[in-house]
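See below for start_16.cif, which holds mmCIF, N, CA and C atoms.
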data_work
loop_
_atom_site.label_atom_id
_atom_site.label_comp_id
_atom_site.auth_asym_id
_atom_site.auth_seq_id
_atom_site.Cartn_x
_atom_site.Cartn_y
_atom_site.Cartn_z
N MET N 1 141.78 82.83 94.08
CA MET N 1 140.41 82.46 93.80
C MET N 1 139.53 83.70 93.89
N VAL N 2 138.55 83.79 93.02
CA VAL N 2 137.65 84.93 92.95
C VAL N 2 136.27 84.54 93.50
N LEU N 3 135.68 85.44 94.25
CA LEU N 3 134.32 85.22 94.74
C LEU N 3 133.38 85.09 93.55
N LYS N 4 132.53 84.08 93.56
CA LYS N 4 131.61 83.86 92.44
C LYS N 4 130.27 84.55 92.63
N ARG N 5 129.71 84.50 93.85
CA ARG N 5 128.40 85.10 94.12
C ARG N 5 128.10 84.97 95.60
N MET N 6 127.09 85.68 96.06
CA MET N 6 126.55 85.44 97.38
C MET N 6 125.46 84.39 97.20
N ASP N 7 125.56 83.28 97.91
CA ASP N 7 124.64 82.17 97.70
C ASP N 7 123.29 82.41 98.35
N ASN N 8 123.27 82.78 99.65
CA ASN N 8 121.99 83.03 100.31
C ASN N 8 122.20 83.79 101.60
N VAL N 9 121.10 84.30 102.13
CA VAL N 9 121.04 84.91 103.45
C VAL N 9 120.17 83.99 104.29
N GLY N 10 120.58 83.70 105.52
CA GLY N 10 119.83 82.79 106.37
C GLY N 10 119.09 83.53 107.46
N ILE N 11 117.86 83.09 107.71
CA ILE N 11 117.04 83.65 108.79
C ILE N 11 116.46 82.47 109.58
N VAL N 12 116.61 82.51 110.88
CA VAL N 12 116.05 81.48 111.76
C VAL N 12 114.68 81.94 112.23
N VAL N 13 113.70 81.05 112.12
CA VAL N 13 112.33 81.36 112.52
C VAL N 13 111.80 80.26 113.43
N GLU N 14 110.72 80.56 114.16
CA GLU N 14 110.07 79.55 114.98
C GLU N 14 109.01 78.79 114.21
N GLU N 15 108.37 79.45 113.24
CA GLU N 15 107.26 78.84 112.50
C GLU N 15 107.56 78.96 111.01
N LEU N 16 108.00 77.86 110.43
CA LEU N 16 108.47 77.86 109.04
C LEU N 16 107.35 78.13 108.03
N GLY N 17 106.19 77.53 108.23
CA GLY N 17 105.09 77.68 107.27
C GLY N 17 104.64 79.12 107.10
N GLY N 18 104.48 79.83 108.20
CA GLY N 18 104.07 81.23 108.12
C GLY N 18 105.11 82.10 107.44
N ALA N 19 106.38 81.82 107.71
CA ALA N 19 107.46 82.59 107.07
C ALA N 19 107.49 82.33 105.56
N ILE N 20 107.29 81.07 105.17
CA ILE N 20 107.25 80.73 103.74
C ILE N 20 106.09 81.49 103.08
N ASP N 21 104.91 81.46 103.70
CA ASP N 21 103.74 82.14 103.13
C ASP N 21 103.99 83.64 102.99
N PHE N 22 104.62 84.25 104.00
CA PHE N 22 104.90 85.68 103.96
C PHE N 22 105.84 86.02 102.81
N PHE N 23 106.93 85.30 102.68
CA PHE N 23 107.90 85.61 101.63
C PHE N 23 107.38 85.24 100.25
N ARG N 24 106.48 84.26 100.16
CA ARG N 24 105.79 84.00 98.89
C ARG N 24 104.92 85.20 98.50
N GLU N 25 104.22 85.75 99.49
CA GLU N 25 103.38 86.92 99.23
C GLU N 25 104.22 88.09 98.77
N LEU N 26 105.43 88.21 99.28
CA LEU N 26 106.35 89.26 98.85
C LEU N 26 106.80 89.04 97.42
N GLY N 27 106.83 87.79 96.96
CA GLY N 27 107.20 87.50 95.59
C GLY N 27 108.31 86.48 95.43
N LEU N 28 108.85 85.95 96.54
CA LEU N 28 109.86 84.92 96.43
C LEU N 28 109.20 83.59 96.10
N GLU N 29 109.95 82.73 95.48
CA GLU N 29 109.45 81.41 95.10
C GLU N 29 110.09 80.36 96.00
N LEU N 30 109.30 79.39 96.42
CA LEU N 30 109.84 78.29 97.21
C LEU N 30 110.63 77.37 96.29
N GLU N 31 111.92 77.31 96.51
CA GLU N 31 112.80 76.46 95.69
C GLU N 31 112.78 75.03 96.21
N GLY N 32 112.66 74.88 97.53
CA GLY N 32 112.62 73.54 98.10
C GLY N 32 112.66 73.57 99.61
N ARG N 33 112.28 72.45 100.19
CA ARG N 33 112.32 72.26 101.65
C ARG N 33 113.13 71.01 101.92
N ALA N 34 113.78 70.98 103.09
CA ALA N 34 114.59 69.82 103.46
C ALA N 34 114.77 69.79 104.96
N VAL N 35 115.16 68.63 105.45
CA VAL N 35 115.57 68.47 106.83
C VAL N 35 117.08 68.25 106.82
N ILE N 36 117.77 69.05 107.60
CA ILE N 36 119.22 68.94 107.72
C ILE N 36 119.50 68.43 109.12
N GLU N 37 120.18 67.30 109.20
CA GLU N 37 120.44 66.76 110.53
C GLU N 37 121.69 65.90 110.50
N GLY N 38 122.19 65.66 111.67
CA GLY N 38 123.29 64.73 111.81
C GLY N 38 124.62 65.38 112.12
N GLU N 39 125.56 64.53 112.35
CA GLU N 39 126.89 64.93 112.77
C GLU N 39 127.60 65.79 111.73
N TRP N 40 127.43 65.48 110.44
CA TRP N 40 128.12 66.24 109.39
C TRP N 40 127.69 67.71 109.41
N ALA N 41 126.37 67.94 109.62
CA ALA N 41 125.86 69.31 109.64
C ALA N 41 126.41 70.06 110.85
N GLY N 42 126.50 69.39 111.97
CA GLY N 42 127.05 70.00 113.18
C GLY N 42 128.51 70.36 113.04
N ARG N 43 129.23 69.63 112.21
CA ARG N 43 130.64 69.98 111.96
C ARG N 43 130.74 71.29 111.20
N VAL N 44 129.78 71.57 110.34
CA VAL N 44 129.79 72.83 109.58
C VAL N 44 129.43 74.00 110.48
N THR N 45 128.38 73.84 111.28
CA THR N 45 127.85 74.95 112.08
C THR N 45 128.49 75.07 113.45
N GLY N 46 129.16 74.02 113.91
CA GLY N 46 129.72 74.03 115.24
C GLY N 46 128.69 73.75 116.33
N LEU N 47 127.49 73.31 115.95
CA LEU N 47 126.41 73.08 116.91
C LEU N 47 126.27 71.63 117.34
N GLY N 48 127.13 70.76 116.85
CA GLY N 48 127.00 69.35 117.20
C GLY N 48 125.85 68.71 116.44
N ASN N 49 125.24 67.70 117.05
CA ASN N 49 124.15 66.99 116.41
C ASN N 49 122.94 67.91 116.32
N GLN N 50 122.56 68.30 115.12
CA GLN N 50 121.46 69.25 114.95
C GLN N 50 120.36 68.65 114.08
N HIS N 51 119.17 69.19 114.23
CA HIS N 51 118.01 68.80 113.45
C HIS N 51 117.30 70.10 113.07
N VAL N 52 117.33 70.43 111.79
CA VAL N 52 116.84 71.72 111.30
C VAL N 52 115.96 71.50 110.07
N GLU N 53 114.80 72.13 110.07
CA GLU N 53 113.97 72.17 108.86
C GLU N 53 114.31 73.46 108.13
N ILE N 54 114.56 73.36 106.83
CA ILE N 54 114.87 74.57 106.07
C ILE N 54 113.95 74.69 104.85
N ALA N 55 113.80 75.92 104.42
CA ALA N 55 113.11 76.22 103.16
C ALA N 55 113.98 77.21 102.42
N MET N 56 114.28 76.93 101.17
CA MET N 56 115.07 77.83 100.36
C MET N 56 114.12 78.60 99.45
N MET N 57 114.14 79.92 99.61
CA MET N 57 113.30 80.82 98.81
C MET N 57 114.18 81.52 97.79
N ARG N 58 113.67 81.70 96.58
CA ARG N 58 114.44 82.30 95.50
C ARG N 58 113.73 83.56 94.98
N THR N 59 114.52 84.59 94.70
CA THR N 59 113.94 85.79 94.09
C THR N 59 113.53 85.48 92.66
N PRO N 60 112.57 86.21 92.11
CA PRO N 60 112.08 85.92 90.77
C PRO N 60 113.17 85.96 89.69
N ASP N 61 114.21 86.76 89.88
CA ASP N 61 115.27 86.82 88.88
C ASP N 61 116.23 85.63 88.97
N GLY N 62 116.09 84.82 90.03
CA GLY N 62 116.91 83.64 90.18
C GLY N 62 118.30 83.87 90.73
N HIS N 63 118.64 85.11 91.06
CA HIS N 63 120.00 85.42 91.49
C HIS N 63 120.21 85.39 92.99
N SER N 64 119.16 85.52 93.78
CA SER N 64 119.32 85.61 95.23
C SER N 64 118.43 84.59 95.92
N ARG N 65 118.89 84.14 97.08
CA ARG N 65 118.13 83.16 97.86
C ARG N 65 118.08 83.57 99.32
N LEU N 66 117.00 83.17 99.95
CA LEU N 66 116.79 83.38 101.37
C LEU N 66 116.54 82.00 101.98
N GLU N 67 117.39 81.59 102.91
CA GLU N 67 117.21 80.30 103.57
C GLU N 67 116.52 80.52 104.91
N LEU N 68 115.34 79.96 105.04
CA LEU N 68 114.59 80.03 106.29
C LEU N 68 114.85 78.73 107.05
N SER N 69 115.25 78.84 108.31
CA SER N 69 115.59 77.66 109.10
C SER N 69 114.80 77.63 110.39
N ARG N 70 114.31 76.44 110.73
CA ARG N 70 113.63 76.21 112.01
C ARG N 70 114.41 75.13 112.75
N PHE N 71 115.10 75.53 113.81
CA PHE N 71 115.91 74.59 114.58
C PHE N 71 115.04 73.82 115.56
N LEU N 72 115.07 72.50 115.44
CA LEU N 72 114.41 71.64 116.40
C LEU N 72 115.40 71.28 117.52
N THR N 73 116.63 70.94 117.13
CA THR N 73 117.73 70.76 118.08
C THR N 73 119.01 71.23 117.42
N PRO N 74 119.87 71.89 118.13
CA PRO N 74 119.69 72.40 119.48
C PRO N 74 118.69 73.55 119.48
N PRO N 75 118.20 73.92 120.67
CA PRO N 75 117.24 75.02 120.73
C PRO N 75 117.87 76.36 120.38
N VAL N 76 117.05 77.28 119.93
CA VAL N 76 117.50 78.63 119.61
C VAL N 76 117.98 79.30 120.90
N VAL N 77 119.09 80.07 120.81
CA VAL N 77 119.67 80.64 122.02
C VAL N 77 119.58 82.16 122.11
N ALA N 78 119.24 82.84 121.04
CA ALA N 78 119.17 84.30 121.09
C ALA N 78 117.97 84.77 120.26
N ASP N 79 117.50 85.96 120.57
CA ASP N 79 116.32 86.48 119.89
C ASP N 79 116.57 87.94 119.51
N HIS N 80 116.65 88.20 118.22
CA HIS N 80 116.90 89.55 117.72
C HIS N 80 115.67 90.17 117.06
N ARG N 81 114.51 89.56 117.26
CA ARG N 81 113.32 89.98 116.51
C ARG N 81 112.86 91.39 116.82
N ASN N 82 113.19 91.91 117.95
CA ASN N 82 112.77 93.27 118.27
C ASN N 82 113.92 94.26 118.26
N ALA N 83 115.04 93.85 117.70
CA ALA N 83 116.21 94.73 117.66
C ALA N 83 115.96 95.90 116.72
N PRO N 84 116.36 97.11 117.11
CA PRO N 84 116.20 98.26 116.23
C PRO N 84 117.22 98.23 115.08
N VAL N 85 117.01 99.08 114.11
CA VAL N 85 117.83 99.11 112.90
C VAL N 85 119.31 99.34 113.19
N ASN N 86 119.65 99.98 114.30
CA ASN N 86 121.05 100.28 114.58
C ASN N 86 121.71 99.24 115.49
N SER N 87 121.16 98.04 115.57
CA SER N 87 121.75 96.97 116.37
C SER N 87 122.94 96.36 115.64
N LEU N 88 123.88 95.84 116.41
CA LEU N 88 125.04 95.18 115.81
C LEU N 88 124.65 93.84 115.21
N GLY N 89 125.35 93.44 114.18
CA GLY N 89 125.15 92.13 113.58
C GLY N 89 124.26 92.18 112.36
N TYR N 90 124.00 91.00 111.81
CA TYR N 90 123.10 90.90 110.66
C TYR N 90 121.71 91.28 111.11
N LEU N 91 121.05 92.13 110.38
CA LEU N 91 119.79 92.63 110.90
C LEU N 91 118.62 92.53 109.94
N ARG N 92 118.82 92.89 108.71
CA ARG N 92 117.68 92.95 107.80
C ARG N 92 118.09 92.53 106.40
N VAL N 93 117.09 92.26 105.60
CA VAL N 93 117.28 92.00 104.18
C VAL N 93 116.38 92.99 103.46
N MET N 94 116.83 93.52 102.33
CA MET N 94 116.03 94.50 101.58
C MET N 94 115.72 93.95 100.20
N PHE N 95 114.48 94.19 99.78
CA PHE N 95 114.01 93.76 98.47
C PHE N 95 113.55 94.96 97.67
N THR N 96 113.84 94.95 96.38
CA THR N 96 113.32 95.95 95.46
C THR N 96 111.99 95.43 94.91
N VAL N 97 110.97 96.29 94.95
CA VAL N 97 109.63 95.92 94.49
C VAL N 97 109.16 96.90 93.42
N ASP N 98 108.17 96.50 92.63
CA ASP N 98 107.63 97.38 91.59
C ASP N 98 106.79 98.50 92.17
N ASP N 99 105.97 98.18 93.18
CA ASP N 99 105.02 99.14 93.74
C ASP N 99 105.01 98.97 95.25
N ILE N 100 105.65 99.89 95.95
CA ILE N 100 105.81 99.76 97.40
C ILE N 100 104.47 99.82 98.13
N ASP N 101 103.55 100.66 97.65
CA ASP N 101 102.25 100.78 98.31
C ASP N 101 101.43 99.50 98.17
N GLU N 102 101.42 98.93 96.99
CA GLU N 102 100.68 97.69 96.75
C GLU N 102 101.31 96.54 97.54
N THR N 103 102.64 96.51 97.60
CA THR N 103 103.34 95.47 98.36
C THR N 103 103.02 95.58 99.84
N LEU N 104 103.03 96.80 100.36
CA LEU N 104 102.69 97.01 101.77
C LEU N 104 101.27 96.55 102.07
N GLU N 105 100.35 96.84 101.18
CA GLU N 105 98.96 96.44 101.38
C GLU N 105 98.84 94.92 101.46
N ARG N 106 99.53 94.21 100.55
CA ARG N 106 99.47 92.74 100.56
C ARG N 106 100.13 92.17 101.82
N LEU N 107 101.27 92.75 102.21
CA LEU N 107 102.00 92.20 103.36
C LEU N 107 101.33 92.55 104.69
N ARG N 108 100.65 93.68 104.74
CA ARG N 108 99.90 94.01 105.96
C ARG N 108 98.82 92.97 106.23
N ALA N 109 98.24 92.43 105.16
CA ALA N 109 97.23 91.37 105.32
C ALA N 109 97.85 90.11 105.93
N ARG N 110 99.16 90.00 105.87
CA ARG N 110 99.89 88.86 106.48
C ARG N 110 100.59 89.27 107.77
N GLY N 111 100.20 90.43 108.32
CA GLY N 111 100.71 90.84 109.62
C GLY N 111 101.88 91.81 109.62
N ALA N 112 102.35 92.24 108.46
CA ALA N 112 103.48 93.18 108.41
C ALA N 112 103.08 94.52 109.02
N GLN N 113 104.03 95.14 109.71
CA GLN N 113 103.82 96.45 110.31
C GLN N 113 104.92 97.39 109.83
N LEU N 114 104.54 98.57 109.42
CA LEU N 114 105.50 99.59 109.01
C LEU N 114 106.28 100.05 110.23
N VAL N 115 107.61 100.11 110.13
CA VAL N 115 108.46 100.50 111.26
C VAL N 115 108.44 102.01 111.45
N GLY N 116 108.70 102.75 110.39
CA GLY N 116 108.70 104.21 110.44
C GLY N 116 107.65 104.70 109.46
N GLU N 117 108.13 105.21 108.33
CA GLU N 117 107.23 105.64 107.27
C GLU N 117 107.89 105.40 105.93
N VAL N 118 107.12 105.47 104.88
CA VAL N 118 107.66 105.37 103.52
C VAL N 118 108.25 106.73 103.19
N VAL N 119 109.52 106.75 102.79
CA VAL N 119 110.18 108.01 102.48
C VAL N 119 110.76 107.98 101.08
N LYS N 120 110.95 109.17 100.54
CA LYS N 120 111.54 109.34 99.21
C LYS N 120 113.00 109.72 99.39
N TYR N 121 113.89 109.07 98.62
CA TYR N 121 115.32 109.35 98.68
C TYR N 121 115.79 109.87 97.33
N ASN N 122 116.13 111.17 97.29
CA ASN N 122 116.76 111.80 96.11
C ASN N 122 116.03 111.53 94.80
N ASP N 123 114.74 111.50 94.77
CA ASP N 123 113.98 111.22 93.55
C ASP N 123 114.41 109.92 92.87
N ALA N 124 115.08 109.04 93.63
CA ALA N 124 115.56 107.78 93.07
C ALA N 124 114.80 106.58 93.62
N TYR N 125 114.45 106.63 94.90
CA TYR N 125 113.80 105.49 95.55
C TYR N 125 112.72 105.96 96.52
N GLN N 126 111.75 105.08 96.73
CA GLN N 126 110.90 105.14 97.91
C GLN N 126 111.35 103.97 98.75
N LEU N 127 111.52 104.20 100.06
CA LEU N 127 112.07 103.19 100.95
C LEU N 127 111.24 103.08 102.21
N CYS N 128 111.23 101.88 102.80
CA CYS N 128 110.64 101.70 104.12
C CYS N 128 111.17 100.42 104.73
N TYR N 129 110.99 100.32 106.05
CA TYR N 129 111.25 99.08 106.77
C TYR N 129 109.92 98.59 107.32
N ILE N 130 109.76 97.28 107.31
CA ILE N 130 108.58 96.66 107.91
C ILE N 130 109.05 95.57 108.87
N ARG N 131 108.18 95.22 109.80
CA ARG N 131 108.37 94.04 110.62
C ARG N 131 107.49 92.97 110.02
N GLY N 132 108.11 91.86 109.62
CA GLY N 132 107.39 90.76 109.01
C GLY N 132 107.09 89.68 110.02
N PRO N 133 107.05 88.42 109.57
CA PRO N 133 106.72 87.34 110.50
C PRO N 133 107.74 87.27 111.62
N GLU N 134 107.26 87.05 112.83
CA GLU N 134 108.10 86.91 114.01
C GLU N 134 108.97 88.14 114.26
N GLY N 135 108.54 89.31 113.76
CA GLY N 135 109.27 90.54 114.00
C GLY N 135 110.48 90.76 113.11
N LEU N 136 110.66 89.94 112.06
CA LEU N 136 111.81 90.09 111.17
C LEU N 136 111.79 91.46 110.52
N LEU N 137 112.95 92.09 110.47
CA LEU N 137 113.08 93.41 109.86
C LEU N 137 113.38 93.24 108.38
N ILE N 138 112.55 93.85 107.54
CA ILE N 138 112.65 93.71 106.09
C ILE N 138 112.58 95.11 105.48
N GLY N 139 113.50 95.41 104.57
CA GLY N 139 113.47 96.67 103.86
C GLY N 139 112.80 96.48 102.51
N LEU N 140 112.07 97.51 102.09
CA LEU N 140 111.45 97.52 100.76
C LEU N 140 111.92 98.78 100.04
N ALA N 141 112.26 98.64 98.77
CA ALA N 141 112.69 99.77 97.95
C ALA N 141 111.97 99.73 96.62
N GLN N 142 111.53 100.89 96.18
CA GLN N 142 110.92 101.02 94.86
C GLN N 142 111.73 102.05 94.08
N GLU N 143 112.27 101.63 92.95
CA GLU N 143 113.01 102.56 92.09
C GLU N 143 112.02 103.53 91.46
N LEU N 144 112.36 104.82 91.44
CA LEU N 144 111.45 105.81 90.90
C LEU N 144 111.79 106.25 89.49
N SER N 145 112.86 105.76 88.94
CA SER N 145 113.26 106.18 87.59
C SER N 145 112.41 105.57 86.51
#
Encoding of this model in structure tokens:
Amino acid sequence: MVLKRMDNVGIVVEELGGAIDFFRELGLELEGRAVIEGEWAGRVTGLGNQHVEIAMMRTPDGHSRLELSRFLTPPVVADHRNAPVNSLGYLRVMFTVDDIDETLERLRARGAQLVGEVVKYNDAYQLCYIRGPEGLLIGLAQELS
């Protein structure tokens, strides 16, 4: 069997509405919201009886998705929101944007903070990391070609 695609990246948040608004401002589209609960879901995740609100966000090209989840039960058990870039595990998601400066300006109005600085890589990209809602680490890249 051949891998068909990466379906989505999941991020757990405490406040779903603010995260949706932030990623909409970045340019993702809300594909849908749902409540996932019950024994069947717990069999998939290994968490038992769970109750989770999710929002599926889609990139404008339709190829990538970001699943935002707010766990009501069981409670969240770990917090990676202040982890530095060199921490183990899944850490950040990166998006390519048309204009990194304009994107930063819009996202700063929603609380985003630049982690380091905007840098140029080999005349190919401008890159930066920001902290978004709830301290989520997000990479931004602008192609310079």
- Query: Could you write out as a PyMOL selection string the residues that the PyMOL selection byres ((chain N and resi 116) around 6.5) matches in the shown file?
  - Reply: chain N and resi 114-115+117-118+129-130
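Residue nearest Leu137 of chain N within the list N:Ser64, N:Asn49, N:Thr73, N:Asn82: N:Asn82 [criterion: smallest interatomic distance, all atoms listed in the file].
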- Message: Could you go through chain N and tell me which residues DSSP, when run on the backbone, assigns to alpha helix (DSSP H), listing them as a PyMOL selection string?
- Response: chain N and resi 16-26+39-45+100-108
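In terms of minimum interatomic distance to Val13 of chain N, N:Glu67 ranks closest within N:Glu39, N:Glu143, N:Asp98, N:Glu67, counting all atoms listed in the file.
By chain and then residue number, the residues within 8 Å of Glu134 of chain N are Val13, Glu14, Glu15, Gly18, Ala19, His80, Arg81, Asn82 and Gly111 of chain N, counting only N, CA and C atoms and disregarding those fewer than 4 positions away in sequence.
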- Can you list, as a PyMOL selection string, every protein, DNA or RNA residue that comes within 8 Å of Ile20 of chain N when you count only N, CA and C atoms, leaving out same-chain residues fewer than 3 positions away? chain N and resi 15-17+23-26+28+30+55+57+68
